file coords_23.cif (mmCIF, C-alpha atoms)
data_data
#
loop_
_atom_site.label_atom_id
_atom_site.label_comp_id
_atom_site.auth_asym_id
_atom_site.auth_seq_id
_atom_site.Cartn_x
_atom_site.Cartn_y
_atom_site.Cartn_z
CA MET A 286 -13.39 -2.12 13.30
CA GLN A 287 -13.95 1.64 13.46
CA VAL A 288 -16.48 3.12 11.02
CA TYR A 289 -17.27 6.76 10.35
CA ILE A 290 -20.61 7.79 8.81
CA MET A 291 -20.93 11.22 7.21
CA ALA A 292 -24.61 11.99 6.62
CA ASP A 293 -26.24 14.57 4.38
CA MET A 294 -29.95 15.16 3.91
CA GLU A 295 -30.59 15.71 0.20
CA GLY A 296 -29.89 12.09 -0.74
CA ILE A 297 -32.21 10.52 1.82
CA GLY A 298 -35.13 8.49 0.49
CA GLY A 299 -38.35 10.53 0.37
CA ILE A 300 -36.57 13.90 0.16
CA VAL A 301 -36.79 15.96 -3.04
CA LEU A 302 -37.82 19.52 -2.14
CA ARG A 303 -35.88 22.52 -0.88
CA GLU A 304 -38.45 22.98 1.87
CA GLN A 305 -37.74 19.50 3.23
CA VAL A 306 -34.12 20.36 3.99
CA THR A 307 -34.77 23.86 5.33
CA LYS A 308 -35.32 24.37 9.06
CA GLY A 309 -38.52 26.15 10.03
CA THR A 310 -40.74 24.70 7.33
CA PRO A 311 -43.56 22.20 7.94
CA GLU A 312 -41.91 19.82 5.48
CA TYR A 313 -38.64 19.79 7.45
CA ALA A 314 -40.20 18.14 10.49
CA GLU A 315 -41.12 15.04 8.50
CA ALA A 316 -37.84 15.04 6.56
CA ARG A 317 -35.67 14.99 9.67
CA GLN A 318 -37.49 11.83 10.75
CA LEU A 319 -36.69 10.26 7.38
CA PHE A 320 -33.10 11.42 7.87
CA ILE A 321 -32.49 9.85 11.26
CA ASP A 322 -34.29 6.63 10.33
CA GLU A 323 -32.10 6.09 7.27
CA VAL A 324 -28.91 6.99 9.12
CA ASN A 325 -29.88 4.60 11.91
CA ALA A 326 -30.29 1.92 9.23
CA ALA A 327 -26.68 2.56 8.17
CA VAL A 328 -25.55 2.36 11.80
CA ALA A 329 -27.35 -0.95 12.26
CA GLY A 330 -25.85 -2.32 9.06
CA ALA A 331 -22.36 -1.21 10.09
CA PHE A 332 -22.60 -3.13 13.37
CA GLU A 333 -24.03 -6.15 11.57
CA GLY A 334 -21.06 -6.05 9.20
CA GLY A 335 -18.56 -6.17 12.06
CA ALA A 336 -18.07 -2.60 13.28
CA THR A 337 -17.08 -2.23 16.93
CA ARG A 338 -17.25 1.57 16.98
CA VAL A 339 -19.37 3.88 14.82
CA ILE A 340 -19.14 7.69 14.75
CA VAL A 341 -21.85 9.61 12.89
CA ARG A 342 -21.56 13.22 11.80
CA ASP A 343 -24.61 15.26 10.88
CA GLY A 344 -23.18 17.00 7.83
CA HIS A 345 -26.25 18.95 6.71
CA GLY A 346 -26.57 22.68 7.25
CA THR A 347 -26.21 23.59 10.90
CA GLY A 348 -25.35 20.00 11.80
CA CYS A 349 -28.30 19.77 14.21
CA ASN A 350 -30.93 17.83 12.29
CA PHE A 351 -31.17 14.50 14.11
CA PRO A 352 -33.93 14.12 16.73
CA ALA A 353 -31.81 13.24 19.76
CA GLU A 354 -34.21 10.69 21.21
CA LYS A 355 -34.07 8.62 18.04
CA MET A 356 -30.27 8.27 17.80
CA ASP A 357 -29.06 4.67 17.93
CA PRO A 358 -27.37 4.47 21.37
CA ARG A 359 -24.62 2.20 20.07
CA ALA A 360 -23.14 5.01 17.96
CA GLU A 361 -21.40 8.27 18.84
CA TRP A 362 -22.84 11.41 17.25
CA VAL A 363 -21.15 14.64 16.10
CA GLN A 364 -23.60 17.53 15.87
CA GLY A 365 -23.48 21.30 15.57
CA SER A 366 -20.79 23.59 14.23
CA VAL A 367 -17.21 22.35 14.30
CA PRO A 368 -13.99 24.36 13.89
CA ALA A 369 -12.94 25.18 10.34
CA GLY A 370 -10.75 22.47 8.90
CA GLN A 371 -12.29 19.69 10.98
CA ARG A 372 -14.38 18.04 8.32
CA PHE A 373 -14.46 14.71 10.18
CA PRO A 374 -14.13 15.24 13.95
CA GLY A 375 -13.12 11.95 15.52
CA MET A 376 -11.68 10.42 12.36
CA SER A 377 -8.04 9.30 12.49
CA GLU A 378 -5.63 6.87 10.92
CA GLU A 379 -7.25 4.24 13.14
CA THR A 380 -10.57 4.64 11.32
CA ASP A 381 -11.13 1.70 8.98
CA LEU A 382 -13.94 2.89 6.73
CA LEU A 383 -16.04 5.90 5.74
CA LEU A 384 -19.71 5.56 4.75
CA LEU A 385 -21.38 8.48 2.93
CA VAL A 386 -25.12 8.41 3.58
CA GLY A 387 -27.71 10.66 1.96
CA TYR A 388 -25.36 12.23 -0.57
CA HIS A 389 -26.27 14.12 -3.75
CA ALA A 390 -24.69 14.54 -7.17
CA MET A 391 -22.23 17.32 -8.01
CA ALA A 392 -23.37 20.73 -9.22
CA GLY A 393 -24.72 20.76 -12.75
CA THR A 394 -25.61 17.06 -12.95
CA LYS A 395 -28.62 16.60 -15.21
CA ALA A 396 -31.77 15.19 -13.58
CA ALA A 397 -30.27 14.83 -10.10
CA VAL A 398 -32.11 15.59 -6.87
CA ARG A 399 -30.81 18.82 -5.25
CA ASP A 400 -27.53 18.70 -7.19
CA HIS A 401 -24.86 21.05 -5.84
CA THR A 402 -21.29 21.10 -4.57
CA MET A 403 -21.05 22.51 -1.05
CA SER A 404 -23.05 25.65 -1.87
CA SER A 405 -25.76 25.85 -4.52
CA ALA A 406 -25.81 29.63 -3.93
CA THR A 407 -22.11 30.35 -4.52
CA TRP A 408 -20.34 27.45 -6.28
CA GLN A 409 -20.79 26.38 -9.90
CA ARG A 410 -17.94 23.92 -10.35
CA PHE A 411 -15.19 22.31 -8.26
CA GLU A 412 -12.09 20.67 -9.76
CA LEU A 413 -9.45 18.65 -7.95
CA ASN A 414 -6.22 18.17 -9.89
CA GLY A 415 -8.06 18.79 -13.15
CA ARG A 416 -11.05 16.52 -12.48
CA GLU A 417 -14.48 17.83 -11.63
CA VAL A 418 -15.78 16.29 -8.42
CA GLY A 419 -18.64 16.86 -6.02
CA GLU A 420 -18.97 16.29 -2.31
CA VAL A 421 -18.36 12.55 -2.73
CA GLY A 422 -14.95 13.33 -4.20
CA ILE A 423 -14.12 16.06 -1.70
CA ASP A 424 -14.91 13.85 1.28
CA ALA A 425 -13.22 10.81 -0.24
CA ALA A 426 -10.08 12.94 -0.67
CA PHE A 427 -10.17 14.24 2.91
CA ALA A 428 -10.53 10.66 4.19
CA GLY A 429 -7.97 9.31 1.76
CA TYR A 430 -5.41 11.75 3.15
CA LEU A 431 -5.76 9.86 6.45
CA GLY A 432 -5.65 6.49 4.69
CA VAL A 433 -9.38 5.88 5.14
CA PRO A 434 -11.32 4.47 2.17
CA VAL A 435 -14.96 5.07 1.26
CA GLY A 436 -16.98 1.86 1.31
CA LEU A 437 -20.55 3.05 0.71
CA VAL A 438 -22.42 5.91 -0.95
CA THR A 439 -26.21 6.22 -0.71
CA GLY A 440 -28.55 8.60 -2.50
CA ASP A 441 -30.18 8.90 -5.90
CA ASP A 442 -29.09 7.03 -9.00
CA LYS A 443 -26.93 9.93 -10.21
CA VAL A 444 -24.75 10.18 -7.10
CA CYS A 445 -24.40 6.40 -6.97
CA ARG A 446 -23.14 6.45 -10.56
CA GLU A 447 -20.81 9.35 -9.75
CA ALA A 448 -19.38 7.40 -6.81
CA ARG A 449 -18.71 4.26 -8.85
CA GLU A 450 -17.06 6.25 -11.64
CA LEU A 451 -14.74 7.97 -9.17
CA LEU A 452 -14.10 5.27 -6.57
CA GLY A 453 -14.62 2.00 -8.41
CA ASP A 454 -16.19 -0.99 -6.70
CA VAL A 455 -17.78 0.75 -3.72
CA GLU A 456 -21.11 -0.35 -2.32
CA THR A 457 -24.06 1.89 -3.22
CA ALA A 458 -27.69 2.08 -2.14
CA GLU A 459 -29.96 3.78 -4.67
CA VAL A 460 -32.92 5.02 -2.66
CA LYS A 461 -34.53 7.04 -5.47
CA GLN A 462 -34.28 7.54 -9.22
CA ALA A 463 -33.95 11.24 -9.91
CA LEU A 464 -36.20 12.78 -12.54
CA ALA A 465 -35.32 16.43 -11.98
CA ARG A 466 -33.82 18.71 -9.36
CA HIS A 467 -37.01 18.49 -7.32
CA GLY A 468 -38.51 15.22 -8.50
CA ALA A 469 -37.79 11.49 -8.26
CA LEU A 470 -39.24 8.02 -8.54
CA MET A 471 -39.31 7.00 -4.89
CA LEU A 472 -39.13 3.86 -2.84
CA ALA A 473 -41.15 3.52 0.35
CA PRO A 474 -39.00 4.65 3.30
CA VAL A 475 -39.01 1.16 4.80
CA THR A 476 -37.58 -0.18 1.54
CA SER A 477 -34.93 2.56 1.40
CA ARG A 478 -33.85 1.76 4.94
CA LYS A 479 -33.56 -1.93 4.14
CA LEU A 480 -31.33 -1.19 1.13
CA VAL A 481 -29.10 1.12 3.17
CA ARG A 482 -28.80 -1.33 6.05
CA GLU A 483 -27.86 -4.22 3.78
CA ALA A 484 -25.38 -2.13 1.78
CA ALA A 485 -23.72 -0.81 4.97
CA ALA A 486 -23.35 -4.35 6.28
CA ARG A 487 -21.76 -5.49 3.02
CA ALA A 488 -19.39 -2.51 2.97
CA VAL A 489 -18.12 -3.07 6.51
CA ALA A 490 -17.80 -6.81 5.98
CA ARG A 491 -15.48 -6.15 3.04
CA ALA A 492 -13.82 -3.03 4.46
CA HIS A 493 -10.28 -4.22 3.71
CA SER A 494 -11.04 -4.59 0.00
CA PHE A 495 -11.45 -0.84 -0.51
CA THR A 496 -8.62 1.51 -1.47
CA PRO A 497 -8.30 5.06 -0.10
CA PHE A 498 -8.81 7.84 -2.66
CA VAL A 499 -5.35 9.40 -2.59
CA VAL A 500 -4.63 12.68 -4.39
CA GLU A 501 -0.94 13.02 -5.16
CA PRO A 502 0.77 16.41 -4.75
CA PRO A 503 1.04 19.02 -6.01
CA VAL A 504 -2.63 19.67 -5.25
CA VAL A 505 -4.61 22.12 -7.38
CA VAL A 506 -8.20 23.02 -6.53
CA ARG A 507 -10.14 25.22 -8.89
CA ILE A 508 -13.53 26.68 -7.97
CA ARG A 509 -15.85 28.54 -10.31
CA TYR A 510 -18.20 30.73 -8.31
CA THR A 511 -21.66 31.88 -9.32
CA GLY A 512 -20.76 35.57 -9.27
CA THR A 513 -17.84 37.96 -9.30
CA GLU A 514 -18.74 39.34 -5.87
CA MET A 515 -17.88 35.98 -4.26
CA VAL A 516 -14.40 36.15 -5.78
CA ASP A 517 -13.99 39.81 -4.88
CA SER A 518 -14.22 38.81 -1.22
CA ILE A 519 -11.36 36.26 -1.48
CA ARG A 520 -7.91 37.58 -0.63
CA THR A 521 -5.77 36.13 -3.43
CA ASP A 522 -1.97 36.28 -3.40
CA GLY A 523 -1.02 35.17 -6.92
CA ARG A 524 0.80 32.14 -5.52
CA ARG A 525 -1.36 29.91 -3.33
CA LYS A 526 -4.63 31.64 -4.19
CA ILE A 527 -4.80 32.77 -7.79
CA ARG A 528 -7.71 34.56 -9.45
CA LEU A 529 -7.97 33.17 -12.96
CA ASP A 530 -10.91 35.28 -14.16
CA GLY A 531 -13.95 37.06 -12.81
CA GLN A 532 -15.51 33.93 -11.32
CA THR A 533 -12.67 31.42 -10.88
CA VAL A 534 -10.01 30.99 -8.19
CA GLU A 535 -7.27 28.37 -8.07
CA PHE A 536 -5.83 27.11 -4.77
CA ARG A 537 -2.41 25.44 -4.77
CA GLY A 538 -0.11 23.57 -2.41
CA ASP A 539 1.59 20.30 -1.59
CA ASN A 540 -0.60 19.28 1.35
CA LEU A 541 -4.06 18.09 0.32
CA TRP A 542 -5.72 18.79 3.67
CA GLU A 543 -4.33 22.34 3.74
CA VAL A 544 -5.36 23.10 0.15
CA LEU A 545 -8.89 21.75 0.60
CA SER A 546 -9.24 23.61 3.89
CA MET A 547 -8.05 26.82 2.24
CA ALA A 548 -10.59 26.38 -0.57
CA LEU A 549 -13.50 25.47 1.69
CA TRP A 550 -12.91 27.72 4.69
CA GLY A 551 -10.39 30.35 3.61
#
call {"tool": "encode", "arguments": {"input": "coords_23.cif", "output": "structure tokens"}}
result
Amino acid sequence: MQVYIMADMEGIGGIVLREQVTKGTPEYAEARQLFIDEVNAAVAGAFEGGATRVIVRDGHGTGCNFPAEKMDPRAEWVQGSVPAGQRFPGMSEETDLLLLVGYHAMAGTKAAVRDHTMSSATWQRFELNGREVGEVGIDAAFAGYLGVPVGLVTGDDKVCREARELLGDVETAEVKQALARHGALMLAPVTSRKLVREAAARAVARAHSFTPFVVEPPVVVRIRYTGTEMVDSIRTDGRRKIRLDGQTVEFRGDNLWEVLSMALWG
């Protein structure tokens, strides 16, 4: 049983502030410990549920947030920058399940901790075949293209709700109840880790009950950017990349991976 864990930082228990997820701040040092501890809980749960191989990708910022000495030695770890288009290095059709740990709600979600979709500085809205989705949906679609289902989403109550509405009966671990963009009703970290570990174990144990999130072609991605200057820098062609207005570009094609890659990385 091969399991892939994609980990982000904003949805980790105990994290609510911008400073906590920004390298170079005093708050970041504590937050990265919370990050690795909760991801290790997911790793432990995955092995308890029956995983024989676990790959973890640090998906936050530079991809170098885990303290190396604290990584669970049973897992394999992807860190640092990866080539454009390789959202999940090491994932293949042989991967059985994807776990999304520490995720956050899509941009514009009311009372959600650190809500954004890929870039809070440049993106306002992301639509996939007419449906607004966030990073849960984007990553579920990438994995679904390879036939890999999502079995677990962890984070605040808003992203857990978003995941269930999009993916159905996936496991979730709600490690905080969001009150605002930078505020939440928290659990103690030890309690958050217990919830994540148990949910990961349940997800892996029932891995074959999940269905991949498959987006049928033709694929249309529409991104509304925060300013016209972002769109000015995109080389549109009126066919595969179409500028709809000052702030919106549509990306089209028949291959989901290619269209998402074009939208995310150009």
call {"tool": "resolve_selection", "arguments": {"input": "coords_23.cif", "expression": "the PyMOL selection byres ((chain A and resi 487) around 9)", "output": "VMD selection string"}}
result
chain A and resid 330 to 331 333 to 334 436 to 437 456 482 to 486 488 to 492
call {"tool": "residues_around", "arguments": {"input": "coords_23.cif", "residues": "Arg524 (chain A)", "least_positions_apart": "6", "cutoff": "10 Å", "atoms": "all atoms listed in the file", "output": "list in words"}}
result
Glu535, Phe536, Arg537 and Gly538 of chain A
call {"tool": "resolve_selection", "arguments": {"input": "coords_23.cif", "expression": "the PyMOL selection byres ((chain A and resi 409) around 6)", "output": "ChimeraX atom specification"}}
result
/A:408,410,509-511
call {"tool": "resolve_selection", "arguments": {"input": "coords_23.cif", "expression": "the PyMOL selection byres ((chain A and resi 322) around 10)", "output": "JSON, numbers by chain"}}
result
{"A": [297, 316, 317, 318, 319, 320, 321, 323, 324, 325, 326, 327, 328, 351, 352, 355, 356, 357, 474, 475, 477, 478]}
call {"tool": "residues_around", "arguments": {"input": "coords_23.cif", "residues": "Ser518 (chain A)", "least_positions_apart": "2", "cutoff": "12 Å", "atoms": "all atoms listed in the file", "output": "ChimeraX atom specification"}}
result
/A:510,512-516,520-521,528,531-532,534,551
